[in-house]
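Enquirer: I'm passing along query14.pdb; it holds PDB, C-alpha atoms.
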ATOM      1  CA  MET A   1      24.571   3.783   6.914
ATOM      2  CA  SER A   2      22.932   1.698   4.208
ATOM      3  CA  ARG A   3      19.452   0.614   3.269
ATOM      4  CA  SER A   4      18.094  -2.663   4.660
ATOM      5  CA  LEU A   5      15.292  -4.595   2.984
ATOM      6  CA  HIS A   6      12.379  -6.415   4.585
ATOM      7  CA  VAL A   7      10.219  -9.211   3.174
ATOM      8  CA  PRO A   8       7.122  -8.973   5.372
ATOM      9  CA  ALA A   9       5.239 -12.111   6.391
ATOM     10  CA  GLY A  10       2.108 -12.402   4.271
ATOM     11  CA  LEU A  11       3.507 -10.486   1.297
ATOM     12  CA  PHE A  12       5.203 -11.970  -1.727
ATOM     13  CA  ASP A  13       8.972 -11.648  -2.064
ATOM     14  CA  SER A  14       9.327  -8.941  -4.701
ATOM     15  CA  CYS A  15      13.131  -8.814  -4.733
ATOM     16  CA  LYS A  16      13.258 -11.343  -7.575
ATOM     17  CA  PHE A  17      11.335  -8.771  -9.632
ATOM     18  CA  GLY A  18      13.872  -6.040  -8.876
ATOM     19  CA  PHE A  19      12.175  -4.129  -6.070
ATOM     20  CA  ALA A  20      11.741  -4.386  -2.322
ATOM     21  CA  GLN A  21       8.446  -4.328  -0.435
ATOM     22  CA  VAL A  22      10.049  -2.406   2.454
ATOM     23  CA  ALA A  23      13.314  -0.494   2.636
ATOM     24  CA  VAL A  24      14.576   0.996   5.886
ATOM     25  CA  VAL A  25      17.065   3.823   5.542
ATOM     26  CA  PRO A  26      18.938   5.032   8.618
ATOM     27  CA  THR A  27      19.122   8.802   8.994
ATOM     28  CA  PRO A  28      20.776  10.978  11.630
ATOM     29  CA  LEU A  29      17.334  11.448  13.221
ATOM     30  CA  GLY A  30      16.126   7.837  13.095
ATOM     31  CA  ARG A  31      14.880   5.369  10.516
ATOM     32  CA  ALA A  32      12.951   6.238   7.349
ATOM     33  CA  ILE A  33      10.549   3.455   6.365
ATOM     34  CA  HIS A  34       9.756   3.292   2.641
ATOM     35  CA  VAL A  35       7.030   0.926   1.392
ATOM     36  CA  SER A  36       6.259  -0.034  -2.199
ATOM     37  CA  GLY A  37       2.767   0.521  -3.493
ATOM     38  CA  GLN A  38       0.454  -2.191  -2.194
ATOM     39  CA  VAL A  39      -2.231  -3.967  -4.186
ATOM     40  CA  ALA A  40      -4.819  -6.665  -3.485
ATOM     41  CA  TRP A  41      -2.453  -9.632  -3.797
ATOM     42  CA  ASP A  42      -2.169 -12.275  -1.146
ATOM     43  CA  ALA A  43       1.192 -13.908  -0.330
ATOM     44  CA  ASP A  44       0.749 -16.300  -3.276
ATOM     45  CA  ARG A  45       0.026 -13.443  -5.703
ATOM     46  CA  ASN A  46      -3.686 -14.242  -5.956
ATOM     47  CA  ILE A  47      -5.946 -11.218  -6.348
ATOM     48  CA  VAL A  48      -8.286 -10.678  -3.405
ATOM     49  CA  GLY A  49     -11.644  -9.141  -4.360
ATOM     50  CA  PRO A  50     -11.585  -9.314  -8.153
ATOM     51  CA  GLY A  51     -13.921  -6.643  -9.532
ATOM     52  CA  ASP A  52     -14.570  -5.173  -6.048
ATOM     53  CA  ILE A  53     -12.604  -1.963  -5.469
ATOM     54  CA  GLY A  54     -13.639  -1.721  -1.799
ATOM     55  CA  ARG A  55     -12.405  -5.238  -1.033
ATOM     56  CA  GLN A  56      -9.219  -4.629  -3.026
ATOM     57  CA  LEU A  57      -8.534  -1.467  -1.038
ATOM     58  CA  GLU A  58      -9.095  -3.340   2.237
ATOM     59  CA  GLN A  59      -6.560  -5.992   1.178
ATOM     60  CA  SER A  60      -4.118  -3.330  -0.009
ATOM     61  CA  LEU A  61      -4.347  -1.614   3.385
ATOM     62  CA  ASP A  62      -3.898  -4.944   5.186
ATOM     63  CA  ASN A  63      -0.785  -5.515   3.075
ATOM     64  CA  LEU A  64       0.437  -2.026   3.924
ATOM     65  CA  ALA A  65      -0.079  -2.737   7.638
ATOM     66  CA  ALA A  66       1.956  -5.956   7.323
ATOM     67  CA  ALA A  67       4.715  -4.126   5.464
ATOM     68  CA  LEU A  68       4.919  -1.410   8.094
ATOM     69  CA  ALA A  69       4.812  -3.920  10.965
ATOM     70  CA  SER A  70       7.895  -5.649   9.529
ATOM     71  CA  ALA A  71       9.826  -2.465  10.281
ATOM     72  CA  GLY A  72       8.163  -1.664  13.614
ATOM     73  CA  ALA A  73       5.641   0.879  12.312
ATOM     74  CA  THR A  74       1.836   1.036  12.129
ATOM     75  CA  LEU A  75      -0.831   2.510   9.876
ATOM     76  CA  ASP A  76      -1.385   5.239  12.490
ATOM     77  CA  GLN A  77       2.078   6.593  11.660
ATOM     78  CA  VAL A  78       1.307   7.128   7.965
ATOM     79  CA  GLY A  79       0.833  10.817   7.217
ATOM     80  CA  SER A  80      -0.552  10.485   3.706
ATOM     81  CA  LEU A  81      -1.588   7.976   1.070
ATOM     82  CA  ARG A  82      -1.607   8.138  -2.693
ATOM     83  CA  LEU A  83      -4.405   6.026  -4.141
ATOM     84  CA  TYR A  84      -3.882   5.034  -7.759
ATOM     85  CA  ILE A  85      -7.370   4.178  -9.003
ATOM     86  CA  ARG A  86      -8.235   2.671 -12.371
ATOM     87  CA  GLN A  87      -9.922   5.459 -14.316
ATOM     88  CA  SER A  88     -12.862   3.125 -14.979
ATOM     89  CA  HIS A  89     -13.522   2.977 -11.210
ATOM     90  CA  MET A  90     -13.015   6.614 -10.174
ATOM     91  CA  LYS A  91     -16.767   6.972  -9.627
ATOM     92  CA  GLU A  92     -16.703   4.328  -6.862
ATOM     93  CA  GLY A  93     -15.864   6.886  -4.226
ATOM     94  CA  LYS A  94     -18.394   5.483  -1.728
ATOM     95  CA  ALA A  95     -16.710   2.064  -1.697
ATOM     96  CA  ILE A  96     -13.259   3.659  -1.450
ATOM     97  CA  SER A  97     -14.339   5.974   1.376
ATOM     98  CA  ALA A  98     -16.014   3.114   3.241
ATOM     99  CA  ALA A  99     -12.824   1.025   3.117
ATOM    100  CA  LEU A 100     -10.722   3.964   4.329
ATOM    101  CA  LYS A 101     -13.157   4.732   7.166
ATOM    102  CA  ALA A 102     -13.263   1.062   8.176
ATOM    103  CA  LYS A 103      -9.479   0.981   8.502
ATOM    104  CA  PHE A 104      -8.770   4.464   9.922
ATOM    105  CA  GLY A 105     -12.012   5.520  11.605
ATOM    106  CA  ASP A 106     -12.068   9.185  12.565
ATOM    107  CA  ASN A 107      -8.273   9.594  12.290
ATOM    108  CA  PRO A 108      -7.460   9.111   8.594
ATOM    109  CA  PRO A 109      -4.247  10.150   6.893
ATOM    110  CA  CYS A 110      -4.251  12.723   4.118
ATOM    111  CA  SER A 111      -4.860  11.198   0.711
ATOM    112  CA  THR A 112      -4.630  11.969  -2.968
ATOM    113  CA  TRP A 113      -6.761  10.026  -5.415
ATOM    114  CA  ILE A 114      -5.106   9.667  -8.818
ATOM    115  CA  GLY A 115      -6.934   8.208 -11.822
ATOM    116  CA  VAL A 116      -4.759   5.948 -13.959
ATOM    117  CA  THR A 117      -5.443   4.022 -17.145
ATOM    118  CA  SER A 118      -3.894   0.803 -15.862
ATOM    119  CA  LEU A 119      -1.933  -0.831 -13.065
ATOM    120  CA  ALA A 120       0.615  -3.681 -13.050
ATOM    121  CA  ASP A 121      -2.105  -6.332 -13.525
ATOM    122  CA  GLU A 122      -5.278  -5.741 -15.506
ATOM    123  CA  ASP A 123      -7.371  -7.030 -12.571
ATOM    124  CA  PHE A 124      -5.977  -4.500 -10.088
ATOM    125  CA  LEU A 125      -8.432  -1.675  -9.507
ATOM    126  CA  ILE A 126      -6.429   0.280  -6.912
ATOM    127  CA  GLU A 127      -2.899   0.609  -5.533
ATOM    128  CA  VAL A 128      -1.965   2.296  -2.253
ATOM    129  CA  GLU A 129       1.350   4.098  -1.743
ATOM    130  CA  PRO A 130       2.132   5.582   1.677
ATOM    131  CA  SER A 131       4.301   8.531   2.514
ATOM    132  CA  VAL A 132       7.608   7.780   4.193
ATOM    133  CA  VAL A 133       7.233   6.875   7.872
ATOM    134  CA  PHE A 134       9.970   8.132  10.185
ATOM    135  CA  LEU A 135      10.814   6.324  13.413
ATOM    136  CA  THR A 136      13.213   7.618  16.011
ATOM    137  CA  THR A 137      15.624   5.053  17.366
TER     138      THR A 137
END
Could the structure of this file be written out as structure tokens, please?

Expert:
Amino acid sequence: MSRSLHVPAGLFDSCKFGFAQVAVVPTPLGRAIHVSGQVAWDADRNIVGPGDIGRQLEQSLDNLAAALASAGATLDQVGSLRLYIRQSHMKEGKAISAALKAKFGDNPPCSTWIGVTSLADEDFLIEVEPSVVFLTT
């Protein structure tokens, strides 16, 4: 049993940078779906919603949905999210909450909001990292 990698449609191929967007690990109970943190990049690595944390979170969640779909999973199967938020934007809770409610409605996953000084690109305001999703096979 070894890990398999997925390059989801709509996301950039990160393998040339030394990491996978999606790794599927078989376990005795099914498949464990691991997804890298998602940011507001489109497939061409253009930032969607520069300066707008709500729009960046929406794009990050869309990217997460695409990543999960590549392995047969959905956002509804995510148990928790870690949101890495630029410290300078931690007070934009209303925009963050609105984006989460728009995507998940009345059935949101658990979440932890973590203030950070920076992310991989100075224009990123937020990064979303899901918990592992387990699928039975």

Enquirer: Could you list as a list of chain:residue names every residue that has an atom within 7 Å of (-11.9, -2.4, -8.6), using the file's coordinates and counting all atoms listed in the file?

Expert: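 Protein, DNA and RNA residues close to (-11.9, -2.4, -8.6): A:Pro50, A:Gly51, A:Asp52, A:Ile53, A:Gln56, A:His89, A:Phe124, A:Leu125, A:Ile126.
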
Enquirer: Which residues match the PyMOL selection byres ((chain A and resi 37-40) around 9) in the file above, as number ranges by chain?

Expert: A: 21, 35-36, 41-42, 45-50, 55-64, 67, 82, 124-130

Enquirer: Applying 12 Å and all atoms listed in the file, which residues near Pro28 in chain A remain after dropping the ones on its own chain fewer than 2 positions away? List them as a list in words.

Expert: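 Residues near the query, excluding close chain neighbours: Met1, Val25, Pro26, Gly30, Arg31, Ala32, Phe134, Leu135, Thr136 and Thr137 of chain A.
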
Enquirer: Can you report as AutoDock Vina command-line options the centre and edge lengths in Å, to one decimal, of an axis-aligned box around the listed atoms of range 69-72 of chain A padded with 6 Å on each side?

Expert:
--center_x 7.3 --center_y -3.7 --center_z 11.6 --size_x 17.0 --size_y 16.0 --size_z 16.1

Enquirer: Evaluating the PyMOL selection byres ((chain A and resi 110) around 6) on the displayed file yields which residues, as a VMD selection string?

Expert: chain A and resid 80 109 111

Enquirer: Can you turn the PyMOL selection byres ((chain A and resi 116) around 7) into a concrete residue list for this file, as a PyMOL selection string?

Expert: chain A and resi 84-87+114-115+117-118

Enquirer: CA of Ser14 in chain A and CA of Leu29 in chain A are how many Å apart?

Expert: 28.3 Å

Enquirer: Pick from A:His34, A:Gln77, A:Thr27, A:Ala43: nearest to Gly10 in chain A, with only C-alpha atoms counted?

Expert: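 The shortest atom-to-atom distance to Gly10 in chain A comes from A:Ala43.
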
Enquirer: Identify which of the residues A:Leu11, A:Val133, A:Met90, A:Leu5 lies closest to Asp76 in chain A, counting all atoms listed in the file when measuring atom-to-atom distances.

Expert: A:Val133

Enquirer: Which distance in Å separates CA of Val78 in chain A and CA of Glu122 in chain A, to one decimal?

Expert: 27.6 Å

Enquirer: Kindly provide, as a list in words, the polymer residues lying within 9 Å of (-14.2, 2.8, -1.4), counting all atoms listed in the file and using the coordinates exactly as they appear in the file.

Expert: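 Result, sorted by chain then residue number: Ile53, Gly54, Arg55, Leu57, Glu58, Glu92, Gly93, Lys94, Ala95, Ile96, Ser97, Ala98, Ala99, Leu100 and Lys101 of chain A.
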
Enquirer: Between A:Trp113, A:Phe19, A:Phe104, A:Phe12, which has the minimum distance to Leu75 in chain A (counting only C-alpha atoms)?

Expert: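 Of all the options, A:Phe104 lies closest to Leu75 in chain A.
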
Enquirer: Given the choices A:Ala66, A:Ala9, A:Leu81, A:Ala71, which gets closest to Ala23 in chain A if the distance is worked out from all atoms listed in the file?

Expert: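 Under the stated criterion, the closest residue is A:Ala71.
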